[in-house]
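In what follows, a structure is listed as structure tokens, so that the remarks can point back to it.
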Amino acid sequence: MNKIEYLKRVDELNFSKDDYVIISGGNLLIHGLRSTTEDIDLAINDKLFLELNSKGLLTPSNKMPNLYNYEDDVELKLANYPKEDIEFYEGYPTLKLLKELEWKINNKRDKDKKDIENIKRYLKIK
């Protein structure tokens, strides 16, 4: 999905912007560092996790700990990011790109190599 489709889909989730942070491919997409992404990846706080889990709406993912499938195209990561790691970009809560970069570097996934280069270029980091 492109940026317009992505943000429309995020809006359709109807989550409070206090309870989630856009991470991963969507974060790069809305910053203009990608042209498309396949799914919605959001970090959610304890409050939203408890609300969704109590309704039986979350299924644990086998990809990594604290990752849950919410809908076909939505993965939710339980992660309470401190406010200083979050910035609003075009009205949406996003993980600061420097934190996104750190996560991608630390996880050493081949699929993140291009993202790492793009973030470094955007942030003017060598």
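FYI, nothing fancy with the structure tokens labels: chains A, B, ... in order, residues from 1 per chain, ligands from 1 as they appear.
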With a distance cut-off of 10 Å and only C-alpha atoms, select the neighbouring residues of Leu33 in chain A, excluding the residue or stretch itself and same-chain residues fewer than 5 positions from it, and output the selection as a ChimeraX atom specification. /A:25-28,114-115,117-119,121-122
Using only C-alpha atoms, find each residue in range 19-72 of chain A having at least one atom no more than 6 Å away from range 93-107 of chain A; report its shortest atom-to-atom pair and that distance in Å (one decimal), rows by chain then rising number, as a tab-separated table.
residue	atom	partner	partner_atom	distance
A:Val21	CA	A:Pro93	CA	5.0
A:Ile22	CA	A:Thr94	CA	4.6
A:Ile23	CA	A:Leu95	CA	5.8
Report as a ChimeraX atom specification all protein, DNA and RNA residues lying within 7 Å of range 78-92 of chain A, evaluated on only C-alpha atoms, omitting residues in the same chain fewer than 6 positions from it. /A:43-46,49,66-67,99
Please produce an output containing C-alpha atoms for each residue in the selection, written as a CSV table (one decimal), in the first residue's frame.
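Just written: out.csv:
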chain,number,residue,atom,x,y,z
A,43,ALA,CA,3.8,-0.3,18.7
A,44,ILE,CA,1.0,-0.2,21.3
A,45,ASN,CA,1.0,0.6,25.0
A,46,ASP,CA,-0.2,-1.5,27.8
A,49,PHE,CA,-3.0,-4.1,24.6
A,66,ASN,CA,5.5,-9.3,22.2
A,67,LEU,CA,4.3,-9.2,18.6
A,99,LYS,CA,15.5,4.9,17.2
Between A:Lys120, A:Lys3, A:Arg109, A:Lys126, single out the one closest to Ser35 in chain A, counting only C-alpha atoms. A:Lys3
Atomic separation - CA of Ser16 in chain A relative to CA of Asn69 in chain A, Å: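 Distance reported for this atom pair: 18.5 Å.
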Can you list every residue in chain A that DSSP puts in alpha helix (DSSP H), as a PyMOL selection string? chain A and resi 3-13+24-30+46-54+97-107+113-123
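Comparing A:Val10, A:Ile30, A:Asn2, A:Lys77 by their smallest distance to Met64 in chain A, the closest is A:Lys77 (using only C-alpha atoms).
Here CA of Lys47 in chain A stands at a distance of 9.9 Å from CA of Asp18 in chain A.
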To one decimal in Å, tell me the separation between CA of Ile116 in chain A and CA of Thr36 in chain A.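 CA of Thr36 in chain A lies at a distance of 16.0 Å from CA of Ile116 in chain A.
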Looking at A:Lys113, A:Leu123, A:Glu51, A:Asn62, which one is nearest to Phe15 in chain A, with distances taken over only C-alpha atoms?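 The closest residue to Phe15 in chain A is A:Glu51.
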As an mmCIF file with C-alpha atoms, in the first residue's frame, please: all residues of chain A that backbone DSSP puts in strand (DSSP E).
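Written out: result-v9.cif:
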data_model
loop_
_atom_site.group_PDB
_atom_site.id
_atom_site.type_symbol
_atom_site.label_atom_id
_atom_site.label_comp_id
_atom_site.auth_asym_id
_atom_site.auth_seq_id
_atom_site.Cartn_x
_atom_site.Cartn_y
_atom_site.Cartn_z
ATOM 1 C CA TYR A 20 0.133 3.657 19.455
ATOM 2 C CA VAL A 21 3.269 4.583 17.532
ATOM 3 C CA ILE A 22 3.894 3.924 13.844
ATOM 4 C CA ILE A 40 0.632 -1.975 9.238
ATOM 5 C CA ASP A 41 3.148 -2.271 12.087
ATOM 6 C CA LEU A 42 2.291 -0.356 15.233
ATOM 7 C CA ALA A 43 3.761 -0.339 18.711
ATOM 8 C CA ILE A 44 0.978 -0.207 21.272
ATOM 9 C CA THR A 59 -3.129 -13.625 18.324
ATOM 10 C CA PRO A 60 0.536 -14.064 19.311
ATOM 11 C CA LEU A 67 4.255 -9.204 18.593
ATOM 12 C CA TYR A 68 0.594 -9.880 17.886
ATOM 13 C CA ASN A 69 -1.557 -10.279 14.797
ATOM 14 C CA TYR A 70 -4.604 -8.026 14.994
ATOM 15 C CA GLU A 71 -6.127 -8.130 11.545
ATOM 16 C CA VAL A 74 -1.994 -5.338 11.040
ATOM 17 C CA GLU A 75 0.744 -6.414 13.468
ATOM 18 C CA LEU A 76 0.896 -4.885 16.920
ATOM 19 C CA LYS A 77 4.002 -4.861 19.084
ATOM 20 C CA LEU A 78 3.589 -4.361 22.813
ATOM 21 C CA ILE A 86 8.188 9.564 19.704
ATOM 22 C CA GLU A 87 7.580 12.414 17.301
ATOM 23 C CA PHE A 88 4.432 13.456 15.500
ATOM 24 C CA TYR A 89 4.927 13.510 11.748
ATOM 25 C CA TYR A 92 0.699 10.762 13.401
ATOM 26 C CA PRO A 93 2.793 9.386 16.275
ATOM 27 C CA THR A 94 5.971 7.846 14.850
ATOM 28 C CA LEU A 95 9.076 6.342 16.352
#
